[in-house]
>>> print(open('entry-v6.tsv').read())   # TSV, C-alpha atoms
chain	number	residue	atom	x	y	z
A	270	MET	CA	6.12	-0.91	-6.79
A	271	LYS	CA	7.79	-3.34	-9.02
A	272	LYS	CA	10.88	-1.43	-8.62
A	273	ILE	CA	10.17	-1.66	-4.97
A	274	PHE	CA	9.77	-5.39	-5.00
A	275	VAL	CA	12.68	-6.07	-7.19
A	276	VAL	CA	14.75	-3.92	-4.97
A	277	LEU	CA	13.48	-5.60	-1.92
A	278	SER	CA	13.82	-9.12	-3.15
A	279	ILE	CA	17.42	-8.87	-4.27
A	280	PHE	CA	18.38	-6.71	-1.33
A	281	LEU	CA	16.99	-9.20	1.13
A	282	LEU	CA	18.37	-12.20	-0.72
A	283	SER	CA	21.76	-10.81	-1.64
A	284	GLY	CA	23.49	-13.13	0.77
A	285	CYS	CA	21.61	-16.28	-0.28
A	286	ALA	CA	23.29	-19.13	-2.11
A	287	GLU	CA	20.48	-19.04	-4.65
A	288	LEU	CA	21.33	-15.47	-5.52
A	289	GLN	CA	25.03	-16.23	-5.71
A	290	GLN	CA	24.45	-19.11	-8.11
A	291	ALA	CA	22.23	-17.13	-10.44
A	292	ALA	CA	24.56	-14.32	-11.45
A	293	SER	CA	24.99	-15.70	-14.94
A	294	GLN	CA	21.25	-15.38	-15.61
A	295	TYR	CA	21.47	-11.59	-15.85
A	296	PRO	CA	23.08	-9.98	-18.88
A	297	GLN	CA	25.97	-7.62	-18.45
A	298	ILE	CA	25.24	-3.97	-19.11
A	299	ASN	CA	27.93	-1.33	-19.42
A	300	GLY	CA	30.42	-3.75	-17.97
A	301	ALA	CA	30.03	-6.15	-15.11
A	302	LEU	CA	26.69	-5.96	-13.35
A	303	GLY	CA	26.81	-8.51	-10.58
A	304	ASN	CA	24.39	-9.62	-7.92
A	305	ALA	CA	25.68	-7.01	-5.50
A	306	ASP	CA	24.87	-4.26	-8.01
A	307	ILE	CA	21.43	-5.65	-8.70
A	308	ALA	CA	20.77	-6.01	-4.99
A	309	ALA	CA	21.84	-2.43	-4.33
A	310	GLY	CA	19.75	-1.15	-7.23
A	311	LEU	CA	16.68	-2.97	-6.03
A	312	LYS	CA	17.18	-1.69	-2.49
A	313	GLU	CA	17.45	1.83	-3.83
A	314	ALA	CA	14.27	1.35	-5.80
A	315	LEU	CA	12.47	0.00	-2.75
A	316	ASP	CA	13.62	2.90	-0.60
A	317	ASN	CA	12.51	5.35	-3.27
A	318	GLY	CA	9.12	3.72	-3.60
A	319	ILE	CA	8.44	3.83	0.11
A	320	ASP	CA	9.73	7.38	0.43
A	321	LYS	CA	7.84	8.71	-2.57
A	322	GLN	CA	4.54	6.86	-2.31
A	323	VAL	CA	3.82	4.85	0.83
A	324	THR	CA	5.18	7.56	3.11
A	325	LYS	CA	2.76	10.03	1.52
A	326	LEU	CA	-0.10	8.00	2.93
A	327	THR	CA	1.11	8.55	6.50
A	328	ALA	CA	0.75	12.32	6.34
A	329	VAL	CA	-2.37	14.16	7.46
A	330	ASP	CA	-4.81	13.86	4.54
A	331	GLY	CA	-2.55	11.26	2.94
A	332	PHE	CA	-5.68	9.18	2.36
A	333	TYR	CA	-8.40	11.77	2.84
A	334	LYS	CA	-7.25	14.14	0.10
A	335	ASN	CA	-5.80	11.54	-2.27
A	336	GLU	CA	-8.57	10.53	-4.67
A	337	LEU	CA	-6.67	7.39	-5.65
A	338	VAL	CA	-6.92	5.91	-2.18
A	339	LYS	CA	-9.48	7.96	-0.22
A	340	ILE	CA	-11.58	5.66	1.92
A	341	LEU	CA	-15.27	6.12	1.21
A	342	LEU	CA	-18.11	4.72	3.24
A	343	PRO	CA	-19.01	1.06	2.81
A	344	ALA	CA	-22.38	0.33	1.23
A	345	GLU	CA	-23.92	-0.40	4.62
A	346	LEU	CA	-23.06	3.07	5.87
A	347	GLN	CA	-24.01	5.02	2.77
A	348	LYS	CA	-27.64	4.92	3.83
A	349	VAL	CA	-26.57	6.11	7.27
A	350	ASP	CA	-24.72	9.03	5.70
A	351	LYS	CA	-27.68	9.97	3.50
A	352	THR	CA	-30.18	9.78	6.33
A	353	LEU	CA	-28.10	11.87	8.71
A	354	ARG	CA	-27.54	14.52	6.07
A	355	ASN	CA	-31.27	14.61	5.36
A	356	ILE	CA	-31.98	15.42	9.00
A	357	GLY	CA	-29.34	18.14	9.23
A	358	LEU	CA	-26.38	16.19	10.59
A	359	SER	CA	-24.01	16.67	7.64
A	360	SER	CA	-21.13	17.79	9.85
A	361	LEU	CA	-21.35	14.56	11.83
A	362	SER	CA	-21.26	12.54	8.60
A	363	ASP	CA	-18.28	14.51	7.33
A	364	GLU	CA	-16.39	13.88	10.54
A	365	GLY	CA	-17.20	10.18	10.36
A	366	LEU	CA	-15.68	9.88	6.91
A	367	LYS	CA	-12.61	11.89	7.87
A	368	VAL	CA	-11.75	9.81	10.94
A	369	LEU	CA	-11.84	6.59	8.92
A	370	ASN	CA	-9.16	8.05	6.67
A	371	ARG	CA	-7.23	9.36	9.66
A	372	ALA	CA	-7.16	5.85	11.11
A	373	ALA	CA	-5.72	4.50	7.86
A	374	GLU	CA	-3.09	7.25	7.75
A	375	ASN	CA	-2.05	6.49	11.29
A	376	ALA	CA	-2.02	2.74	10.72
A	377	VAL	CA	0.20	2.92	7.65
A	378	LYS	CA	2.63	5.08	9.60
A	379	GLU	CA	2.98	2.42	12.27
A	380	SER	CA	2.92	-0.50	9.86
A	381	THR	CA	5.46	0.47	7.22
A	382	PRO	CA	8.19	-1.72	8.80
A	383	ILE	CA	5.74	-4.63	8.79
A	384	PHE	CA	4.97	-4.03	5.15
A	385	VAL	CA	8.65	-4.06	4.20
A	386	SER	CA	9.51	-7.17	6.21
A	387	ALA	CA	6.56	-9.07	4.79
A	388	VAL	CA	8.36	-9.65	1.47
A	389	LYS	CA	11.55	-11.11	2.91
A	390	ASN	CA	10.70	-14.61	1.70
A	391	MET	CA	10.88	-13.60	-1.95
A	392	THR	CA	13.12	-16.02	-3.86
A	393	PHE	CA	15.66	-15.15	-6.50
A	394	ASN	CA	13.37	-16.52	-9.22
A	395	ASP	CA	10.57	-14.34	-7.89
A	396	ALA	CA	12.86	-11.32	-8.07
A	397	ARG	CA	13.99	-12.12	-11.60
A	398	ASN	CA	10.42	-12.64	-12.78
A	399	ILE	CA	9.35	-9.39	-11.16
A	400	LEU	CA	12.20	-7.40	-12.67
A	401	LEU	CA	11.51	-8.74	-16.14
A	402	GLY	CA	7.73	-8.89	-15.77
A	403	SER	CA	4.80	-6.59	-16.47
A	404	ASP	CA	4.35	-3.07	-15.15
A	405	ASN	CA	2.52	-4.30	-12.06
A	406	SER	CA	4.11	-7.70	-11.48
A	407	ALA	CA	5.73	-6.58	-8.23
A	408	THR	CA	2.41	-5.26	-6.95
A	409	VAL	CA	0.63	-8.47	-7.89
A	410	TYR	CA	3.35	-10.52	-6.22
A	411	LEU	CA	3.01	-8.49	-3.04
A	412	GLN	CA	-0.75	-8.86	-2.97
A	413	ASN	CA	-0.67	-12.58	-3.65
A	414	THR	CA	2.01	-13.45	-1.13
A	415	THR	CA	1.61	-11.00	1.73
A	416	SER	CA	-2.06	-10.02	2.02
A	417	SER	CA	-2.97	-12.62	4.64
A	418	ALA	CA	0.07	-11.94	6.79
A	419	LEU	CA	-0.30	-8.19	6.39
A	420	TYR	CA	-3.94	-8.32	7.39
A	421	GLY	CA	-3.12	-10.22	10.56
A	422	LYS	CA	-0.56	-7.61	11.58
A	423	PHE	CA	-2.35	-4.59	10.13
A	424	SER	CA	-5.74	-5.17	11.74
A	425	PRO	CA	-4.74	-4.57	15.38
A	426	VAL	CA	-2.81	-1.47	14.33
A	427	VAL	CA	-5.93	-0.17	12.60
A	428	GLY	CA	-7.97	-0.96	15.69
A	429	ASN	CA	-5.57	1.03	17.83
A	430	SER	CA	-5.57	3.80	15.25
A	431	LEU	CA	-9.36	4.02	15.25
A	432	ALA	CA	-9.21	4.59	18.98
A	433	LYS	CA	-6.24	6.95	18.76
A	434	VAL	CA	-7.93	9.31	16.29
A	435	GLY	CA	-11.29	9.01	18.05
A	436	ALA	CA	-12.98	7.21	15.16
A	437	ASP	CA	-14.50	4.57	17.41
A	438	LYS	CA	-16.25	7.24	19.51
A	439	VAL	CA	-17.34	9.26	16.49
A	440	TRP	CA	-18.86	6.24	14.82
A	441	ALA	CA	-20.41	4.94	18.01
A	442	ASN	CA	-22.19	8.30	18.21
A	443	ILE	CA	-23.16	8.23	14.54
A	444	ILE	CA	-24.52	4.69	14.68
A	445	THR	CA	-26.34	5.35	17.94
A	446	ARG	CA	-28.00	8.44	16.48
A	447	TYR	CA	-28.90	6.58	13.30
A	448	ASN	CA	-30.26	3.48	15.02
A	449	ALA	CA	-32.46	5.72	17.19
A	450	ILE	CA	-34.29	7.02	14.13
A	451	PRO	CA	-37.73	5.36	13.93
A	452	LEU	CA	-38.22	2.61	11.35
A	453	VAL	CA	-34.61	2.44	10.10
A	454	GLN	CA	-32.84	-0.89	9.81
A	455	LYS	CA	-30.21	-0.91	12.51
A	456	VAL	CA	-26.53	-1.22	11.52
A	457	ASN	CA	-23.43	-2.39	13.32
A	458	PRO	CA	-20.55	-2.41	10.80
A	459	ASP	CA	-17.12	-3.89	11.45
A	460	LEU	CA	-15.18	-0.71	10.80
A	461	LYS	CA	-11.83	-2.20	11.80
A	462	ASP	CA	-12.08	-4.87	9.12
A	463	TYR	CA	-13.28	-2.37	6.52
A	464	VAL	CA	-10.56	0.21	7.19
A	465	THR	CA	-7.90	-2.50	7.34
A	466	ASN	CA	-8.79	-3.75	3.87
A	467	GLU	CA	-9.12	-0.27	2.43
A	468	ALA	CA	-5.81	0.85	3.91
A	469	MET	CA	-4.07	-2.18	2.44
A	470	LYS	CA	-5.61	-1.46	-0.96
A	471	GLY	CA	-4.30	2.08	-0.71
A	472	VAL	CA	-0.77	0.92	0.07
A	473	PHE	CA	-0.76	-1.52	-2.85
A	474	LYS	CA	-2.18	1.09	-5.20
A	475	MET	CA	0.47	3.67	-4.36
A	476	VAL	CA	3.27	1.12	-4.64
A	477	ALA	CA	1.89	0.21	-8.06
A	478	VAL	CA	2.06	3.88	-9.06
A	479	GLU	CA	5.77	4.00	-8.28
A	480	GLU	CA	6.41	0.63	-9.87
A	481	LYS	CA	4.89	1.75	-13.16
A	482	ASN	CA	6.72	5.05	-12.93
A	483	ILE	CA	10.19	3.56	-12.64
A	484	ARG	CA	9.44	0.98	-15.32
A	485	THR	CA	8.13	3.39	-17.91
A	486	ASP	CA	9.76	6.74	-17.16
A	487	LEU	CA	13.54	6.81	-17.62
A	488	SER	CA	13.74	10.08	-15.70
A	489	ALA	CA	12.43	8.27	-12.62
A	490	ARG	CA	15.65	6.25	-12.54
A	491	THR	CA	17.50	8.87	-10.62
A	492	SER	CA	20.87	7.17	-10.29
A	493	ASP	CA	23.29	5.39	-12.59
A	494	LEU	CA	22.67	2.16	-10.71
A	495	LEU	CA	18.92	2.31	-11.21
A	496	ARG	CA	19.39	3.02	-14.88
A	497	ARG	CA	21.69	0.03	-15.31
A	498	VAL	CA	19.56	-2.38	-13.30
A	499	PHE	CA	16.25	-1.49	-14.90
A	500	ALA	CA	17.80	-1.47	-18.34
A	501	LEU	CA	17.58	-5.23	-17.92
A	502	GLN	CA	13.81	-5.06	-18.19
A	503	ASP	CA	13.98	-2.62	-21.10
A	504	ASN	CA	16.03	-5.12	-23.07
A	505	ARG	CA	13.96	-8.19	-22.27
>>> encode(input="entry-v6.tsv", output="structure tokens")
Amino acid sequence: MKKIFVVLSIFLLSGCAELQQAASQYPQINGALGNADIAAGLKEALDNGIDKQVTKLTAVDGFYKNELVKILLPAELQKVDKTLRNIGLSSLSDEGLKVLNRAAENAVKESTPIFVSAVKNMTFNDARNILLGSDNSATVYLQNTTSSALYGKFSPVVGNSLAKVGADKVWANIITRYNAIPLVQKVNPDLKDYVTNEAMKGVFKMVAVEEKNIRTDLSARTSDLLRRVFALQDNR
């Protein structure tokens, strides 16, 4: 992810005066390594991160069969799940869990461009600090600076996704069946809010996986440019 953010920040800022003025702040490695090189390396890292990790989440079972990001039921619905299973409705509960993950998979697919554009305001200093920071500094930066904006844009996509994959109907049926059971405390969860937050957590987690990978595994730097750019952090 870090690699992703560093890539993104320099790539997006490569034409800024701030970036042009800061060239001297980076050491030279194997000859001249200018802002254009750093920008290109960061863009490559970003592209790799999205291709290798975030894109995985958009596939069928990208969430559902990935234990790192699989969306489980919120606490309020765990009692619903248990009760339905106890009365022989396990298949209905299984389908309810699956469609929540399907909604997240579909939402991430539609929202990847939003996710990428959300970090365009990263400054050169942000980029430098990310490049030379800890293994998850890019991920932390992304969470701190884009979560509110991402939520605002992600939520309606999730809402549409819930409808598209039929999750709203499945859960309306589940909740209706549950609330009809005598003596149970009725529930009415905000599934759109829950899936939105869980989907965002999944995106950040997978970006963090790639960030750590490129920072700690030299073999993950699959081009000469990546090796030169990220050697800067190795030598910090």
>>> residues_around(input="entry-v6.tsv", residues="Ser403 in chain A", least_positions_apart="5", cutoff="10 Å", atoms="only C-alpha atoms", output="CSV table (one decimal) with C-alpha atoms, in the coordinates of the input")
chain,number,residue,atom,x,y,z
A,271,LYS,CA,7.8,-3.3,-9.0
A,398,ASN,CA,10.4,-12.6,-12.8
A,408,THR,CA,2.4,-5.3,-7.0
A,409,VAL,CA,0.6,-8.5,-7.9
A,480,GLU,CA,6.4,0.6,-9.9
A,481,LYS,CA,4.9,1.8,-13.2
A,484,ARG,CA,9.4,1.0,-15.3
A,502,GLN,CA,13.8,-5.1,-18.2
>>> atom_distance(input="entry-v6.tsv", atom1="CA of Phe473 in chain A", atom2="CA of Lys334 in chain A")
17.2 Å
>>> closest_residue(input="entry-v6.tsv", among="A:Asp404, A:Glu467, A:Glu364, A:Glu379", to="Asp437 in chain A", atoms="only C-alpha atoms")
A:Glu364
>>> closest_residue(input="entry-v6.tsv", among="A:Ala436, A:Val338, A:Ala441, A:Ala328", to="Met475 in chain A", atoms="only C-alpha atoms")
A:Val338
>>> closest_residue(input="entry-v6.tsv", among="A:Asn405, A:Ser360, A:Asn442, A:Thr485", to="Phe499 in chain A", atoms="all atoms listed in the file")
A:Thr485
>>> closest_residue(input="entry-v6.tsv", among="A:Asp350, A:Glu345, A:Glu374, A:Asp503", to="Leu460 in chain A", atoms="all atoms listed in the file")
A:Glu345
>>> axis_aligned_box(input="entry-v6.tsv", around="range 360-366 of chain A", padding_each_side="8 Å", output="AutoDock Vina command-line options")
--center_x -18.5 --center_y 13.8 --center_z 9.4 --size_x 21.7 --size_y 23.9 --size_z 20.9
>>> residues_around(input="entry-v6.tsv", residues="Ala373 in chain A", least_positions_apart="2", cutoff="7 Å", atoms="only C-alpha atoms", output="list in words")
Leu369, Asn370, Arg371, Asn375, Ala376, Val377, Val427, Val464 and Ala468 of chain A
>>> atom_distance(input="entry-v6.tsv", atom1="CA of Thr445 in chain A", atom2="CA of Thr465 in chain A")
22.7 Å
>>> closest_residue(input="entry-v6.tsv", among="A:Lys433, A:Leu452, A:Lys470, A:Tyr410", to="Phe332 in chain A", atoms="all atoms listed in the file")
A:Lys470
>>> residues_around(input="entry-v6.tsv", residues="Lys378 in chain A", least_positions_apart="6", cutoff="8 Å", atoms="only C-alpha atoms", output="ChimeraX atom specification")
/A:324,326-327
>>> atom_distance(input="entry-v6.tsv", atom1="CA of Val456 in chain A", atom2="CA of Val349 in chain A")
8.5 Å
>>> closest_residue(input="entry-v6.tsv", among="A:Asp306, A:Gly471, A:Asp395, A:Gln412", to="Asp493 in chain A", atoms="all atoms listed in the file")
A:Asp306
>>> residues_near_point(input="entry-v6.tsv", point="(-2.9, -5.1, 13.7)", cutoff="12 Å", atoms="only C-alpha atoms", output="NGL selection string")
:A and (373 or 375-377 or 379-381 or 383-384 or 417-431 or 461-462 or 464-466 or 468-469)
>>> decode(input="entry-v6.tsv", residues="range 345-367 of chain A", atoms="N, CA and C atoms", output="CSV table (one decimal), in the first residue's frame")
chain,number,residue,atom,x,y,z
A,345,GLU,N,-25.3,-7.5,16.1
A,345,GLU,CA,-26.8,-7.5,16.2
A,345,GLU,C,-27.4,-8.6,15.4
A,346,LEU,N,-26.7,-9.1,14.3
A,346,LEU,CA,-27.3,-10.1,13.5
A,346,LEU,C,-26.7,-11.5,13.8
A,347,GLN,N,-25.8,-11.6,14.7
A,347,GLN,CA,-25.3,-12.9,15.1
A,347,GLN,C,-26.4,-13.7,15.8
A,348,LYS,N,-27.2,-13.0,16.6
A,348,LYS,CA,-28.3,-13.8,17.3
A,348,LYS,C,-29.3,-14.2,16.3
A,349,VAL,N,-29.5,-13.4,15.2
A,349,VAL,CA,-30.4,-13.7,14.2
A,349,VAL,C,-29.9,-15.0,13.5
A,350,ASP,N,-28.7,-15.0,13.2
A,350,ASP,CA,-28.1,-16.2,12.5
A,350,ASP,C,-28.2,-17.5,13.4
A,351,LYS,N,-27.9,-17.3,14.6
A,351,LYS,CA,-28.0,-18.5,15.5
A,351,LYS,C,-29.4,-19.0,15.7
A,352,THR,N,-30.3,-18.1,15.8
A,352,THR,CA,-31.7,-18.5,16.0
A,352,THR,C,-32.3,-19.2,14.7
A,353,LEU,N,-32.0,-18.6,13.5
A,353,LEU,CA,-32.5,-19.2,12.3
A,353,LEU,C,-31.9,-20.6,12.1
A,354,ARG,N,-30.6,-20.8,12.4
A,354,ARG,CA,-30.0,-22.1,12.3
A,354,ARG,C,-30.6,-23.1,13.2
A,355,ASN,N,-31.0,-22.6,14.4
A,355,ASN,CA,-31.6,-23.5,15.4
A,355,ASN,C,-32.9,-24.0,15.0
A,356,ILE,N,-33.6,-23.2,14.1
A,356,ILE,CA,-34.9,-23.7,13.7
A,356,ILE,C,-34.9,-24.2,12.2
A,357,GLY,N,-33.7,-24.6,11.8
A,357,GLY,CA,-33.6,-25.3,10.5
A,357,GLY,C,-33.5,-24.4,9.3
A,358,LEU,N,-33.1,-23.1,9.5
A,358,LEU,CA,-33.0,-22.2,8.3
A,358,LEU,C,-31.5,-21.9,8.1
A,359,SER,N,-30.6,-22.8,8.1
A,359,SER,CA,-29.2,-22.6,8.0
A,359,SER,C,-28.9,-22.1,6.5
A,360,SER,N,-29.6,-22.6,5.6
A,360,SER,CA,-29.3,-22.2,4.2
A,360,SER,C,-29.6,-20.7,4.0
A,361,LEU,N,-30.7,-20.3,4.6
A,361,LEU,CA,-31.1,-18.9,4.5
A,361,LEU,C,-30.0,-18.0,5.2
A,362,SER,N,-29.4,-18.4,6.3
A,362,SER,CA,-28.4,-17.7,7.0
A,362,SER,C,-27.1,-17.6,6.1
A,363,ASP,N,-26.8,-18.8,5.5
A,363,ASP,CA,-25.6,-18.8,4.7
A,363,ASP,C,-25.7,-17.9,3.5
A,364,GLU,N,-26.9,-17.8,2.9
A,364,GLU,CA,-27.1,-16.9,1.8
A,364,GLU,C,-27.0,-15.5,2.2
A,365,GLY,N,-27.5,-15.2,3.4
A,365,GLY,CA,-27.5,-13.8,3.9
A,365,GLY,C,-26.1,-13.3,4.1
A,366,LEU,N,-25.2,-14.2,4.6
A,366,LEU,CA,-23.8,-13.8,4.8
A,366,LEU,C,-23.1,-13.7,3.4
A,367,LYS,N,-23.4,-14.5,2.5
A,367,LYS,CA,-22.8,-14.5,1.2
A,367,LYS,C,-23.1,-13.2,0.4
